[in-house]
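J.: Next comes coords36.cif, mmCIF, C-alpha atoms:
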```
data_upload
loop_
_atom_site.label_atom_id
_atom_site.label_comp_id
_atom_site.auth_asym_id
_atom_site.auth_seq_id
_atom_site.Cartn_x
_atom_site.Cartn_y
_atom_site.Cartn_z
CA MET G 1 -12.81 6.37 -7.67
CA ARG G 2 -10.63 7.76 -4.88
CA ALA G 3 -11.06 7.84 -1.15
CA GLU G 4 -8.99 10.64 0.36
CA ILE G 5 -8.10 9.11 3.70
CA THR G 6 -4.98 7.54 5.16
CA VAL G 7 -4.53 3.81 5.60
CA PHE G 8 -3.02 4.39 9.03
CA VAL G 9 -6.46 5.14 10.43
CA LEU G 10 -7.87 1.74 9.55
CA ILE G 11 -4.79 -0.16 10.61
CA ILE G 12 -4.67 1.24 14.14
CA ALA G 13 -8.44 1.02 14.54
CA PHE G 14 -8.00 -2.65 15.43
CA GLY G 15 -4.69 -2.16 17.25
CA PHE G 16 -3.01 -4.91 15.23
CA VAL G 17 -0.03 -2.97 13.86
CA THR G 18 3.40 -4.57 14.00
CA LYS G 19 6.40 -4.13 11.72
CA ALA G 20 6.08 -7.75 10.66
CA GLN G 21 2.55 -7.39 9.31
CA VAL G 22 1.87 -6.64 5.67
CA PHE G 23 -1.06 -5.92 3.44
CA ASP G 24 -1.69 -5.68 -0.28
CA VAL G 25 -0.32 -2.43 -1.66
CA THR G 26 -0.22 -1.02 -5.15
CA LEU G 27 2.36 1.62 -6.07
CA THR G 28 -0.10 3.64 -8.12
CA PRO G 29 -2.07 6.79 -7.28
CA ARG G 30 -5.49 5.40 -8.25
CA CYS G 31 -7.93 2.88 -6.83
CA ALA G 32 -9.72 0.40 -9.06
CA GLU G 33 -12.69 1.93 -10.84
CA VAL G 34 -15.17 -0.49 -9.37
CA GLU G 35 -18.83 -0.74 -10.30
CA LEU G 36 -20.98 -0.39 -7.20
CA MET G 37 -24.26 -2.17 -6.76
CA ALA G 38 -27.20 0.05 -7.66
CA LYS G 39 -30.06 0.63 -5.20
CA LEU G 40 -28.59 -1.34 -2.34
CA LYS G 41 -31.15 -2.44 0.24
CA ALA G 42 -28.93 -2.31 3.31
CA GLU G 43 -31.61 -3.76 5.59
CA LYS G 44 -31.56 -7.00 3.59
CA LEU G 45 -27.91 -7.48 4.58
CA ASP G 46 -28.95 -7.73 8.24
CA GLY G 47 -27.75 -10.79 10.07
CA GLN G 48 -24.72 -13.02 10.24
CA TRP G 49 -22.05 -13.25 7.54
CA TYR G 50 -18.84 -15.27 7.31
CA GLU G 51 -15.65 -14.32 5.54
CA ILE G 52 -14.74 -16.77 2.76
CA SER G 53 -11.78 -14.92 1.26
CA ARG G 54 -9.92 -11.64 1.79
CA SER G 55 -6.97 -9.58 0.65
CA PRO G 56 -4.06 -9.54 3.13
CA ASN G 57 -4.38 -6.79 5.70
CA PRO G 58 -2.96 -6.06 9.17
CA TRP G 59 -6.22 -5.96 11.12
CA GLU G 60 -7.44 -9.45 10.17
CA ARG G 61 -4.91 -11.94 11.47
CA GLY G 62 -7.20 -14.62 12.83
CA ASN G 63 -9.54 -17.42 11.83
CA CYS G 64 -13.30 -17.93 11.95
CA ILE G 65 -13.88 -14.31 10.92
CA GLN G 66 -17.54 -13.38 11.05
CA VAL G 67 -19.50 -10.15 10.76
CA ARG G 68 -22.99 -9.22 11.90
CA HIS G 69 -24.76 -6.32 10.17
CA TRP G 70 -27.89 -4.52 11.20
CA LEU G 71 -29.60 -1.33 10.05
CA GLU G 72 -30.78 1.07 12.75
CA ASN G 73 -33.54 3.58 12.05
CA GLY G 74 -32.97 3.16 8.33
CA THR G 75 -29.83 5.32 8.42
CA LYS G 76 -27.09 3.68 10.50
CA TRP G 77 -25.51 0.47 9.30
CA TRP G 78 -23.75 -1.39 12.10
CA MET G 79 -20.92 -3.90 11.70
CA HIS G 80 -19.78 -6.20 14.52
CA TRP G 81 -16.55 -7.91 13.45
CA GLU G 82 -15.20 -10.96 15.31
CA GLN G 83 -12.18 -13.22 14.92
CA LEU G 84 -10.30 -15.89 16.83
CA ILE G 85 -6.55 -15.36 16.90
CA PRO G 86 -4.61 -18.63 17.21
CA GLY G 87 -2.27 -19.30 20.08
CA PHE G 88 1.18 -20.70 19.34
CA ASP G 89 3.72 -22.90 21.10
CA LYS G 90 7.46 -22.13 21.40
CA GLN G 91 8.08 -23.63 17.96
CA GLY G 92 5.54 -21.30 16.38
CA ARG G 93 2.93 -23.98 15.77
CA GLU G 94 -0.76 -23.26 16.26
CA VAL G 95 -2.15 -24.84 19.42
CA ALA G 96 -5.82 -25.78 19.66
CA GLY G 97 -7.61 -24.24 22.62
CA ARG G 98 -5.31 -21.24 22.96
CA ASP G 99 -7.22 -18.97 20.63
CA SER G 100 -7.93 -15.43 21.85
CA TYR G 101 -11.04 -13.47 20.96
CA ASP G 102 -11.02 -10.06 19.27
CA GLN G 103 -13.86 -7.87 18.13
CA ALA G 104 -14.54 -4.39 16.78
CA TYR G 105 -17.61 -2.28 16.09
CA SER G 106 -18.07 0.19 13.27
CA ILE G 107 -21.01 2.23 12.10
CA GLY G 108 -21.75 3.29 8.54
CA THR G 109 -24.03 5.58 6.59
CA PRO G 110 -25.31 4.28 3.26
CA GLN G 111 -25.26 7.26 0.90
CA ASN G 112 -28.40 7.82 -1.16
CA VAL G 113 -29.29 4.11 -1.04
CA THR G 114 -26.15 3.36 -3.02
CA ALA G 115 -23.49 0.84 -2.09
CA ASN G 116 -20.98 3.57 -1.21
CA ILE G 117 -20.87 3.23 2.57
CA SER G 118 -18.80 5.41 4.85
CA MET G 119 -17.74 3.22 7.78
CA GLN G 120 -16.41 4.61 11.06
CA PHE G 121 -14.86 2.47 13.77
CA ILE G 122 -16.29 3.37 17.17
CA TRP G 123 -14.92 0.59 19.38
CA PRO G 124 -12.34 -0.13 20.67
CA ARG G 125 -11.32 3.31 19.33
CA VAL G 126 -12.95 6.07 17.32
CA PHE G 127 -11.47 7.08 13.97
CA LEU G 128 -12.40 8.95 10.82
CA PRO G 129 -14.82 7.37 8.33
CA LEU G 130 -13.43 4.86 5.83
CA PRO G 131 -14.72 3.75 2.42
CA PHE G 132 -16.54 0.42 2.22
CA TYR G 133 -18.06 -0.41 -1.14
CA ILE G 134 -20.62 -3.16 -1.81
CA LEU G 135 -20.02 -4.40 -5.35
CA SER G 136 -22.56 -7.20 -5.55
CA THR G 137 -24.94 -9.25 -3.40
CA ASP G 138 -27.97 -11.49 -3.70
CA TYR G 139 -28.66 -10.87 0.03
CA GLU G 140 -29.24 -14.57 0.67
CA ASN G 141 -25.88 -16.14 -0.13
CA TYR G 142 -23.04 -13.68 -0.67
CA TYR G 143 -21.79 -10.14 -0.91
CA LEU G 144 -18.62 -8.65 -2.36
CA ALA G 145 -16.96 -5.68 -0.69
CA TYR G 146 -13.99 -3.46 -1.55
CA SER G 147 -12.06 -0.72 0.21
CA CYS G 148 -9.22 1.39 -1.13
CA PHE G 149 -7.45 4.54 0.02
CA PRO G 150 -4.10 6.20 -0.69
CA TYR G 151 -1.25 6.43 1.78
CA PHE G 152 2.37 7.60 1.82
CA PHE G 153 5.33 5.74 3.25
CA ASN G 154 6.39 7.88 6.21
CA GLU G 155 9.81 6.39 6.89
CA GLY G 156 12.64 4.41 5.33
CA PRO G 157 13.97 4.52 1.76
CA LEU G 158 10.43 4.75 0.33
CA LYS G 159 9.47 7.78 2.44
CA GLY G 160 7.08 10.07 0.58
CA ILE G 161 6.18 7.53 -2.10
CA PRO G 162 2.39 7.10 -2.50
CA PHE G 163 0.71 3.72 -2.59
CA LEU G 164 -2.77 2.33 -2.28
CA ALA G 165 -3.99 0.07 0.49
CA GLU G 166 -6.63 -2.16 -1.09
CA SER G 167 -8.80 -4.84 0.45
CA ALA G 168 -11.48 -7.05 -1.04
CA TRP G 169 -13.79 -9.53 0.66
CA ILE G 170 -16.01 -12.43 -0.37
CA MET G 171 -18.65 -12.92 2.32
CA SER G 172 -21.17 -15.73 2.76
CA ARG G 173 -24.20 -16.54 4.90
CA LYS G 174 -22.48 -19.85 5.72
CA ARG G 175 -18.97 -20.78 6.81
CA SER G 176 -18.45 -22.56 3.50
CA MET G 177 -19.28 -21.72 -0.10
CA ASP G 178 -19.88 -23.76 -3.23
CA ILE G 179 -16.62 -23.79 -5.20
CA GLY G 180 -18.40 -22.82 -8.41
CA LEU G 181 -19.95 -19.74 -6.81
CA TYR G 182 -16.61 -18.85 -5.25
CA PHE G 183 -14.87 -18.68 -8.63
CA VAL G 184 -17.75 -16.73 -10.16
CA LEU G 185 -17.44 -14.12 -7.40
CA LYS G 186 -13.66 -14.03 -7.65
CA ASN G 187 -14.02 -13.37 -11.38
CA LYS G 188 -16.40 -10.48 -10.60
CA LEU G 189 -13.74 -8.90 -8.42
CA GLU G 190 -11.13 -9.36 -11.13
CA GLU G 191 -13.44 -7.80 -13.73
CA ASN G 192 -13.53 -4.72 -11.49
CA GLY G 193 -9.77 -4.41 -11.73
CA ILE G 194 -9.09 -5.82 -8.26
CA ASN G 195 -6.00 -7.93 -7.67
CA VAL G 196 -7.39 -11.33 -6.71
CA SER G 197 -4.07 -13.19 -6.91
CA VAL G 198 -3.21 -12.12 -3.36
CA MET G 199 -6.55 -13.10 -1.81
CA GLU G 200 -6.46 -15.69 0.97
CA ILE G 201 -9.01 -18.38 1.84
CA SER G 202 -10.33 -17.80 5.35
CA LYS G 203 -10.14 -20.68 7.81
CA HIS G 204 -13.35 -21.87 9.48
CA SER G 205 -12.50 -24.87 11.62
CA ASN G 206 -12.84 -25.24 15.40
CA CYS G 207 -14.83 -22.01 15.52
CA ASN G 208 -15.96 -22.28 19.12
CA TYR G 209 -16.47 -18.63 20.07
CA GLU G 210 -18.11 -19.38 23.40
CA MET G 211 -14.91 -21.05 24.62
CA HIS G 212 -12.95 -17.81 24.27
CA ARG G 213 -15.32 -14.84 24.66
CA ASP G 214 -15.71 -14.92 28.46
CA ASN G 215 -11.98 -15.05 29.19
CA SER G 216 -10.90 -12.41 26.70
CA PRO G 217 -9.75 -9.04 28.08
CA THR G 218 -10.99 -7.36 24.89
CA VAL G 219 -14.66 -8.26 25.34
CA GLN G 220 -16.84 -5.16 25.40
CA THR G 221 -19.28 -4.95 28.28
CA ASP G 222 -21.44 -2.13 26.91
CA SER G 223 -21.57 -3.01 23.23
CA PRO G 224 -24.43 -1.75 21.07
CA LYS G 225 -27.31 -4.17 20.73
CA LYS G 226 -28.85 -5.28 17.49
CA SER G 227 -32.02 -3.33 16.76
CA THR G 228 -35.25 -5.30 16.71
#
```
Please lay out the structure from this file as structure tokens.

T.:
Amino acid sequence: MRAEITVFVLIIAFGFVTKAQVFDVTLTPRCAEVELMAKLKAEKLDGQWYEISRSPNPWERGNCIQVRHWLENGTKWWMHWEQLIPGFDKQGREVAGRDSYDQAYSIGTPQNVTANISMQFIWPRVFLPLPFYILSTDYENYYLAYSCFPYFFNEGPLKGIPFLAESAWIMSRKRSMDIGLYFVLKNKLEENGINVSVMEISKHSNCNYEMHRDNSPTVQTDSPKKST
């Protein structure tokens, strides 16, 4: 399965690009041939989710990452992504209470009630649609997601060489997950040909969003509201 779109779009959608940031890349021209979930009921994914594990990527650099989904009019699937980015002292150590708040909104269109969702970031910037695949979910406890698209190095000694930018996520209804379930889900990703060796455990400690939202310059004042 291929998604003909550049990785640069997704990276700058969050405005987190720096030369020091990296993400998982594969120097091959093909994405993993993943098996998507059949007959996805997107409305049953409504509500709050928490990131348990993820592949390295430039747009998620914080802790306490959480996502709220809601389906609008049966056709538009909203995603509100939030994270707390740690503050650091002069020695580069994380300092409690200095976290800054970041968020982004995207909107997707589930295609023919399948798990092949075309997501488009609409805030803080608007960009072309991006692939977002739901591989598995029980709706009540977890879902597995995958995204992959080809890109070309545009500078340096590797200029013109194609690679894939791949990301995988293990999401949960709670900030923690049973270790047994976690390894079952990680095995499911690996069975789909996804590189799980690079996946990171997400941190969920001191997740006091209310402390940081009001003082953040990135807070949106006219954000879309969850449909009722």

J.: Which residue is closest to G:Pro150? Choose from G:Asp138, G:Asp102, G:Glu33, G:Glu166 and count all atoms listed in the file.

T.: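 So, comparing all the options, the nearest one is G:Glu166.
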
J.: Taking all atoms listed in the file into account, which of G:Phe183, G:Ser172, G:Phe149, G:Ile134 comes nearest G:Ala38?

T.: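 Of G:Phe183, G:Ser172, G:Phe149, G:Ile134, the one nearest G:Ala38 is G:Ile134, counting all atoms listed in the file.
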
J.: Please, what distance in Å, to one decimal, runs between atom CA of G:Val196 and atom CA of G:Ile107?

T.: 26.9 Å

J.: Would you work out the distance separating atom CA of G:Ser53 from atom CA of G:Thr137, expressed in Å to one decimal?

T.: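 For atom CA of G:Ser53 relative to atom CA of G:Thr137, the distance reads 15.1 Å.
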
J.: For G:Met199, which of G:Trp81, G:Trp169, G:Tyr146, G:Arg54 is the closest residue, counting all atoms listed in the file?

T.: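 Ranking G:Trp81, G:Trp169, G:Tyr146, G:Arg54 by distance to G:Met199, first place goes to G:Arg54.
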
J.: Could you tell me which residues the PyMOL selection byres ((chain G and resi 83-97) around 9) returns for this structure, as a PyMOL selection string?

T.: chain G and resi 60-67+81-82+98-103+206-209+211-212

J.: Go through G:Ala32, G:Leu135, G:Met79, G:Met171 one by one, measure the shortest atom-to-atom distance of each to G:Ile194 using all atoms listed in the file, and give the residue with the smallest value.

T.: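 The closest residue to G:Ile194 is G:Ala32.
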
J.: Calculate how many Å separate atom CA of G:Lys186 from atom CA of G:Ala168, rounding to one decimal.

T.: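 One can read the atom CA of G:Lys186 to atom CA of G:Ala168 distance as 9.9 Å.
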
J.: Using all atoms listed in the file, find all polymer residues with an atom at most 12 Å away from the point (-33.2, 1.6, 9.7); report them as a list in words.

T.: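 Those within range, by chain then number, are Lys41, Ala42, Glu43, Lys44, Leu45, Asp46, His69, Trp70, Leu71, Glu72, Asn73, Gly74, Thr75, Lys76, Trp77, Trp78, Gly108, Thr109, Pro110, Val113, Lys226, Ser227 and Thr228 of chain G.
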
J.: Leaving out G:Leu181 and any residue of its chain fewer than 2 positions from it, which residues lie within 12 Å of it when counting all atoms listed in the file, given as JSON, numbers by chain?

T.: {"G": [52, 138, 141, 142, 143, 170, 171, 172, 176, 177, 178, 179, 183, 184, 185, 186, 187, 188]}

J.: Write to file, as a PDB file, in the coordinates of the input, the residues of the selection just made, with C-alpha atoms.

T.:
```
ATOM      1  CA  ILE G  52     -14.740 -16.770   2.760  1.00  0.00           C
ATOM      2  CA  ASP G 138     -27.970 -11.490  -3.700  1.00  0.00           C
ATOM      3  CA  ASN G 141     -25.880 -16.140  -0.130  1.00  0.00           C
ATOM      4  CA  TYR G 142     -23.040 -13.680  -0.670  1.00  0.00           C
ATOM      5  CA  TYR G 143     -21.790 -10.140  -0.910  1.00  0.00           C
ATOM      6  CA  ILE G 170     -16.010 -12.430  -0.370  1.00  0.00           C
ATOM      7  CA  MET G 171     -18.650 -12.920   2.320  1.00  0.00           C
ATOM      8  CA  SER G 172     -21.170 -15.730   2.760  1.00  0.00           C
ATOM      9  CA  SER G 176     -18.450 -22.560   3.500  1.00  0.00           C
ATOM     10  CA  MET G 177     -19.280 -21.720  -0.100  1.00  0.00           C
ATOM     11  CA  ASP G 178     -19.880 -23.760  -3.230  1.00  0.00           C
ATOM     12  CA  ILE G 179     -16.620 -23.790  -5.200  1.00  0.00           C
ATOM     13  CA  PHE G 183     -14.870 -18.680  -8.630  1.00  0.00           C
ATOM     14  CA  VAL G 184     -17.750 -16.730 -10.160  1.00  0.00           C
ATOM     15  CA  LEU G 185     -17.440 -14.120  -7.400  1.00  0.00           C
ATOM     16  CA  LYS G 186     -13.660 -14.030  -7.650  1.00  0.00           C
ATOM     17  CA  ASN G 187     -14.020 -13.370 -11.380  1.00  0.00           C
ATOM     18  CA  LYS G 188     -16.400 -10.480 -10.600  1.00  0.00           C
TER      19      LYS G 188
END
```

J.: At most 6 Å from (-20.3, 2.2, 18.4), file frame, only C-alpha atoms: which residues, as number ranges by chain?

T.: G: 105-106, 122-123

J.: Restricting the calculation to all atoms listed in the file, which member of G:Arg213, G:Arg175, G:His204, G:Val34 is positioned closest to G:Ser147?

T.: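 Nearest to G:Ser147: G:Val34.
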
J.: Between G:Glu140, G:Ala115, G:Trp59, G:Leu189, which one has atoms that come closest to G:Lys174, using only C-alpha atoms?

T.: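 When distances to G:Lys174 are compared using only C-alpha atoms, the smallest one comes from G:Glu140.
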
J.: Taking all atoms of stretch 146-151 of chain G that appear in the file, build a box with edges along x, y and z, extend it by 8 Å on every side, and state its centre and edge lengths in Å to one decimal, as lines of an AutoDock Vina configuration file.

T.:
```
center_x = -7.6
center_y = 1.5
center_z = 0.1
size_x = 28.7
size_y = 25.9
size_z = 19.3
```
